[in-house]
Amino acid sequence: MMRTATGYIWSAITGTAMGSLMMVSAQAEEPPCPFDENRAGLCGYYKSEISPAEAYLHTVVQRGFVNLGSGGRLGNPLLRAVIVDVRSIPEYKAGHPERSYNVPYPFIYQFCDERGRHPDGACVARTSQIDQNDADFLSYIQKIIPNQDTPIYLLCRTGVRSVAAGNLLTDAGYTHVRNIWEGFVGVFLTAPKLQEDGSRVISAVDLNHDLVLDDRDKNGWRYHQGLPYETRLLPWLMYQPMADLYTWVD
Ligand SMILES: [Ca+2]
């Protein structure tokens, strides 16, 4: 069963014809998709979606408790919920949730053109990248999170890359993988806006009403939701096989 593949993620990101063909041929051989209610409409095999706010409660505010959401009690440390941030190393460096692991997927590092990076570390336009290997990604997760019942919450920039990573982990036997829907940055929300002629046009929403449409209106962890994040780098949370990349400046 093809539960995950770089083809899924790249067809979503690039919209290539090849990606579409891969999805069609894969779906023809598979049982019905369990659900596709994620931001990208990709087939999901993992447990469920989760909001940034709930992920923050579980991993920081209520850390160490089990029976999350019902008061809880202190439980097995191996079953504490953890966030795995699958964004590239520069994105993680620019800000990430407290105690989140960085295990990049499907690319480890992006090189940018002369326009540089967004405040969140992503390239304005990338020129090349270091790709992650599925087997390397999985074996590294198995090393840092050996208990397959540990709740794993996957985070990326807008909630697309994390879907493919979630399918990969679920296919390997992890039972409690959830995708953080909005991601760390998120996207603009849209709504019908009244025009002078009385018609309504769907347009991006200026959520904070400052008459400027920018990142602060995006609905992810860092901006409109305003959840805490940090930029310090703790060695045991960094992606060890390429730890030297965290000291690069570009
Ligand atoms: Ca605004």
# chains A, B, ... in the order shown; residues from 1 in each chain; ligands from 1
call {"tool": "closest_atom_pairs", "arguments": {"of": "chain A", "to": "ligand 1", "cutoff": "7 Å", "atoms": "only C-alpha atoms and all ligand atoms", "output": "Markdown table"}}
result
| residue | atom | partner | partner_atom_place_in_ligand_line | distance |
| --- | --- | --- | --- | --- |
| A:Asp206 | CA | ligand 1 | 1 (Ca) | 4.3 |
| A:Leu207 | CA | ligand 1 | 1 (Ca) | 5.7 |
| A:Asn208 | CA | ligand 1 | 1 (Ca) | 4.8 |
| A:His209 | CA | ligand 1 | 1 (Ca) | 5.3 |
| A:Asp210 | CA | ligand 1 | 1 (Ca) | 4.7 |
| A:Leu211 | CA | ligand 1 | 1 (Ca) | 5.5 |
| A:Val212 | CA | ligand 1 | 1 (Ca) | 4.3 |
| A:Leu213 | CA | ligand 1 | 1 (Ca) | 4.5 |
| A:Asp214 | CA | ligand 1 | 1 (Ca) | 5.8 |
| A:Arg216 | CA | ligand 1 | 1 (Ca) | 6.2 |
| A:Asp217 | CA | ligand 1 | 1 (Ca) | 5.2 |
call {"tool": "write_last_selection", "arguments": {"atoms": "N, CA and C atoms", "output": "tab-separated table (two decimals), in the first residue's frame"}}
result
chain	number	residue	atom	x	y	z
A	206	ASP	N	-8.09	40.89	6.32
A	206	ASP	CA	-7.17	41.66	7.16
A	206	ASP	C	-7.60	41.43	8.62
A	207	LEU	N	-7.14	40.34	9.19
A	207	LEU	CA	-7.67	39.89	10.48
A	207	LEU	C	-7.47	40.91	11.60
A	208	ASN	N	-6.37	41.64	11.58
A	208	ASN	CA	-6.12	42.58	12.68
A	208	ASN	C	-6.52	44.02	12.33
A	209	HIS	N	-7.18	44.19	11.16
A	209	HIS	CA	-7.74	45.50	10.78
A	209	HIS	C	-6.73	46.64	10.87
A	210	ASP	N	-5.50	46.38	10.43
A	210	ASP	CA	-4.52	47.48	10.40
A	210	ASP	C	-4.35	48.01	8.97
A	211	LEU	N	-5.24	47.59	8.08
A	211	LEU	CA	-5.27	48.03	6.68
A	211	LEU	C	-4.06	47.55	5.88
A	212	VAL	N	-3.30	46.64	6.45
A	212	VAL	CA	-2.17	46.04	5.74
A	212	VAL	C	-2.36	44.53	5.74
A	213	LEU	N	-2.15	43.93	4.59
A	213	LEU	CA	-2.26	42.48	4.50
A	213	LEU	C	-0.85	41.89	4.53
A	214	ASP	N	-0.48	41.31	5.66
A	214	ASP	CA	0.87	40.75	5.76
A	214	ASP	C	0.85	39.49	6.62
A	216	ARG	N	1.15	38.90	9.62
A	216	ARG	CA	0.42	38.93	10.88
A	216	ARG	C	-1.05	38.55	10.74
A	217	ASP	N	-1.54	38.55	9.50
A	217	ASP	CA	-2.92	38.13	9.25
A	217	ASP	C	-3.02	36.63	8.95
call {"tool": "select_by_dssp", "arguments": {"residues": "stretch 9-247 of chain A", "states": "helix (DSSP H, G or I)", "output": "count of residues only"}}
result
72
call {"tool": "select_by_dssp", "arguments": {"residues": "stretch 30-245 of chain A", "states": "strand (DSSP E)", "output": "MDAnalysis selection string"}}
result
chainID A and resid 48:50 65:66 73:74 82:85 101:102 107:112 126:131 152:155 177:180 190:194 200:204
call {"tool": "closest_atom_pairs", "arguments": {"of": "stretch 119-208 of chain A", "to": "stretch 223-235 of chain A", "cutoff": "12 Å", "atoms": "only C-alpha atoms", "output": "CSV"}}
result
residue,atom,partner,partner_atom,distance
A:Pro119,CA,A:Tyr223,CA,11.2
A:Asp120,CA,A:Tyr223,CA,10.3
A:Gly121,CA,A:Thr231,CA,11.2
A:Arg157,CA,A:Tyr223,CA,11.6
A:Thr158,CA,A:Tyr223,CA,11.9
A:Glu182,CA,A:Gln225,CA,9.8
A:Gly183,CA,A:Tyr223,CA,10.5
A:Phe184,CA,A:Tyr223,CA,8.1
A:Val185,CA,A:Tyr223,CA,6.5
A:Gly186,CA,A:Tyr223,CA,8.1
A:Val187,CA,A:Tyr223,CA,10.0
A:Phe188,CA,A:His224,CA,9.8
A:Leu189,CA,A:His224,CA,10.6
A:Val205,CA,A:His224,CA,11.5
A:Asp206,CA,A:His224,CA,10.4
A:Leu207,CA,A:His224,CA,7.7
A:Asn208,CA,A:His224,CA,8.1
call {"tool": "closest_residue", "arguments": {"among": "A:Val86, A:Cys43, A:Cys112, A:Leu194", "to": "A:Val249", "atoms": "only C-alpha atoms"}}
result
A:Cys112
call {"tool": "atom_distance", "arguments": {"atom1": "atom CA of A:Leu155", "atom2": "atom CA of A:Tyr56"}}
result
11.4 Å
call {"tool": "residues_around", "arguments": {"residues": "stretch 38-42 of chain A", "least_positions_apart": "5", "cutoff": "7 Å", "atoms": "only C-alpha atoms", "output": "mmCIF file with C-alpha atoms, in the first residue's frame"}}
result
data_model
loop_
_atom_site.group_PDB
_atom_site.id
_atom_site.type_symbol
_atom_site.label_atom_id
_atom_site.label_comp_id
_atom_site.auth_asym_id
_atom_site.auth_seq_id
_atom_site.Cartn_x
_atom_site.Cartn_y
_atom_site.Cartn_z
ATOM 1 C CA GLY A 159 0.152 22.232 7.043
ATOM 2 C CA VAL A 160 1.062 20.468 3.795
ATOM 3 C CA TRP A 181 -3.664 21.969 10.456
#
call {"tool": "residues_around", "arguments": {"residues": "A:Tyr140", "least_positions_apart": "4", "cutoff": "8 Å", "atoms": "only C-alpha atoms", "output": "ChimeraX atom specification"}}
result
/A:103,136,144
call {"tool": "write_last_selection", "arguments": {"atoms": "C-alpha atoms", "output": "PDB file, in the first residue's frame"}}
result
ATOM      1  CA  VAL A 103      13.389  16.501  11.728  1.00  0.00           C
ATOM      2  CA  ASP A 136      16.517   8.359   6.848  1.00  0.00           C
ATOM      3  CA  ILE A 144      14.305   9.751  19.086  1.00  0.00           C
TER       4      ILE A 144
END
call {"tool": "residues_around", "arguments": {"residues": "A:Tyr246", "least_positions_apart": "3", "cutoff": "9 Å", "atoms": "only C-alpha atoms", "output": "MDAnalysis selection string"}}
result
chainID A and resid 89:90 93 233 238:239 242:243 249
call {"tool": "decode", "arguments": {"residues": "stretch 46-197 of chain A", "atoms": "C-alpha atoms", "output": "short mmCIF file (atom, residue, chain, number, x, y, z; two decimals), in the first residue's frame"}}
result
data_model
loop_
_atom_site.label_atom_id
_atom_site.label_comp_id
_atom_site.auth_asym_id
_atom_site.auth_seq_id
_atom_site.Cartn_x
_atom_site.Cartn_y
_atom_site.Cartn_z
CA TYR A 46 -2.76 9.44 10.37
CA LYS A 47 -5.05 9.77 13.41
CA SER A 48 -6.41 13.28 12.97
CA GLU A 49 -5.82 16.98 12.60
CA ILE A 50 -5.05 19.18 15.62
CA SER A 51 -5.03 22.96 16.06
CA PRO A 52 -1.88 24.86 17.04
CA ALA A 53 -3.63 25.93 20.26
CA GLU A 54 -4.43 22.36 21.33
CA ALA A 55 -0.94 21.19 20.37
CA TYR A 56 0.52 23.97 22.54
CA LEU A 57 -1.68 22.96 25.48
CA HIS A 58 -0.64 19.32 25.25
CA THR A 59 3.09 19.83 24.76
CA VAL A 60 3.79 22.86 26.96
CA VAL A 61 0.94 23.81 29.32
CA GLN A 62 -0.12 20.26 30.20
CA ARG A 63 3.21 18.58 29.52
CA GLY A 64 3.69 15.41 31.49
CA PHE A 65 0.03 14.61 31.86
CA VAL A 66 -1.91 11.84 30.19
CA ASN A 67 -5.64 11.72 29.46
CA LEU A 68 -5.17 15.07 27.79
CA GLY A 69 -8.17 17.34 27.76
CA SER A 70 -9.84 15.77 30.77
CA GLY A 71 -7.63 17.05 33.58
CA GLY A 72 -5.15 14.25 33.25
CA ARG A 73 -2.64 12.67 35.56
CA LEU A 74 1.09 12.26 35.45
CA GLY A 75 1.95 9.33 33.27
CA ASN A 76 4.60 7.45 31.36
CA PRO A 77 7.16 9.98 30.04
CA LEU A 78 7.42 7.93 26.86
CA LEU A 79 3.77 8.76 26.13
CA ARG A 80 4.11 12.52 26.48
CA ALA A 81 2.95 14.31 23.36
CA VAL A 82 5.77 15.78 21.31
CA ILE A 83 5.89 18.16 18.38
CA VAL A 84 8.05 17.22 15.42
CA ASP A 85 8.74 20.27 13.28
CA VAL A 86 9.41 19.01 9.76
CA ARG A 87 10.35 22.38 8.31
CA SER A 88 13.83 23.01 6.97
CA ILE A 89 16.67 23.90 9.31
CA PRO A 90 16.61 27.67 8.52
CA GLU A 91 12.85 27.78 9.21
CA TYR A 92 13.31 26.00 12.54
CA LYS A 93 16.14 28.36 13.49
CA ALA A 94 13.89 31.39 12.87
CA GLY A 95 11.37 30.23 15.47
CA HIS A 96 9.78 27.01 16.69
CA PRO A 97 7.56 25.77 19.53
CA GLU A 98 9.24 25.04 22.83
CA ARG A 99 10.61 21.48 23.08
CA SER A 100 9.82 20.70 19.45
CA TYR A 101 12.13 18.35 17.59
CA ASN A 102 13.41 19.40 14.19
CA VAL A 103 13.39 16.50 11.73
CA PRO A 104 13.18 18.14 8.30
CA TYR A 105 10.96 16.63 5.58
CA PRO A 106 10.92 16.45 2.58
CA PHE A 107 13.87 18.80 2.36
CA ILE A 108 16.51 19.53 4.96
CA TYR A 109 17.89 22.86 3.81
CA GLN A 110 16.89 25.37 1.16
CA PHE A 111 19.25 27.76 -0.59
CA CYS A 112 17.71 31.10 -1.53
CA ASP A 113 18.23 33.62 -4.30
CA GLU A 114 19.38 37.20 -3.67
CA ARG A 115 15.99 38.13 -2.19
CA GLY A 116 16.81 36.07 0.89
CA ARG A 117 14.32 34.69 3.39
CA HIS A 118 11.00 35.53 5.00
CA PRO A 119 11.09 36.31 8.74
CA ASP A 120 10.14 32.68 9.34
CA GLY A 121 13.24 31.36 7.55
CA ALA A 122 11.62 30.20 4.32
CA CYS A 123 13.15 31.30 1.02
CA VAL A 124 11.40 34.04 -0.93
CA ALA A 125 12.54 31.92 -3.90
CA ARG A 126 14.76 28.89 -3.58
CA THR A 127 17.61 28.07 -5.89
CA SER A 128 18.36 24.55 -4.65
CA GLN A 129 17.84 22.33 -1.66
CA ILE A 130 19.08 19.31 0.25
CA ASP A 131 16.39 16.64 0.05
CA GLN A 132 15.44 14.32 2.89
CA ASN A 133 15.32 10.59 2.30
CA ASP A 134 12.16 8.77 3.50
CA ALA A 135 14.15 5.95 5.11
CA ASP A 136 16.52 8.36 6.85
CA PHE A 137 13.58 10.42 8.14
CA LEU A 138 11.83 7.34 9.51
CA SER A 139 14.90 5.79 11.12
CA TYR A 140 15.73 9.06 12.84
CA ILE A 141 12.19 9.38 14.25
CA GLN A 142 12.41 5.77 15.48
CA LYS A 143 15.60 6.64 17.29
CA ILE A 144 14.30 9.75 19.09
CA ILE A 145 10.71 8.52 19.60
CA PRO A 146 11.00 4.75 20.13
CA ASN A 147 7.51 4.21 21.56
CA GLN A 148 5.06 3.99 18.67
CA ASP A 149 2.16 5.03 20.89
CA THR A 150 3.72 8.40 21.72
CA PRO A 151 1.42 11.17 20.47
CA ILE A 152 3.33 12.91 17.68
CA TYR A 153 2.11 16.28 16.42
CA LEU A 154 3.62 17.25 13.08
CA LEU A 155 4.26 20.87 12.21
CA CYS A 156 5.33 22.58 9.01
CA ARG A 157 4.83 26.06 7.53
CA THR A 158 1.26 25.79 6.27
CA GLY A 159 0.15 22.23 7.04
CA VAL A 160 1.06 20.47 3.80
CA ARG A 161 4.51 18.90 4.21
CA SER A 162 3.41 17.56 7.59
CA VAL A 163 0.62 15.52 5.96
CA ALA A 164 3.11 13.46 3.96
CA ALA A 165 5.33 13.04 7.02
CA GLY A 166 2.30 11.91 9.04
CA ASN A 167 1.41 9.26 6.50
CA LEU A 168 4.98 7.99 6.50
CA LEU A 169 5.04 7.60 10.29
CA THR A 170 1.58 6.03 10.43
CA ASP A 171 2.54 3.52 7.77
CA ALA A 172 5.55 2.59 9.92
CA GLY A 173 3.29 1.78 12.88
CA TYR A 174 2.94 4.99 14.87
CA THR A 175 -0.57 5.02 16.29
CA HIS A 176 -1.18 8.59 17.44
CA VAL A 177 0.10 10.90 14.72
CA ARG A 178 -1.75 14.19 14.30
CA ASN A 179 -1.26 16.98 11.79
CA ILE A 180 -1.19 20.60 13.00
CA TRP A 181 -3.66 21.97 10.46
CA GLU A 182 -2.67 25.62 10.17
CA GLY A 183 1.09 25.13 10.51
CA PHE A 184 3.58 27.54 12.04
CA VAL A 185 2.93 30.44 9.64
CA GLY A 186 -0.43 29.55 8.14
CA VAL A 187 -2.18 31.19 5.22
CA PHE A 188 -4.58 34.08 4.72
CA LEU A 189 -8.19 33.36 5.51
CA THR A 190 -10.72 34.40 2.90
CA ALA A 191 -14.24 35.76 3.21
CA PRO A 192 -16.88 37.48 1.05
CA LYS A 193 -16.16 41.22 0.99
CA LEU A 194 -18.87 43.76 0.12
CA GLN A 195 -18.07 45.88 -2.93
CA GLU A 196 -19.34 49.39 -3.74
CA ASP A 197 -21.79 47.99 -6.28
#
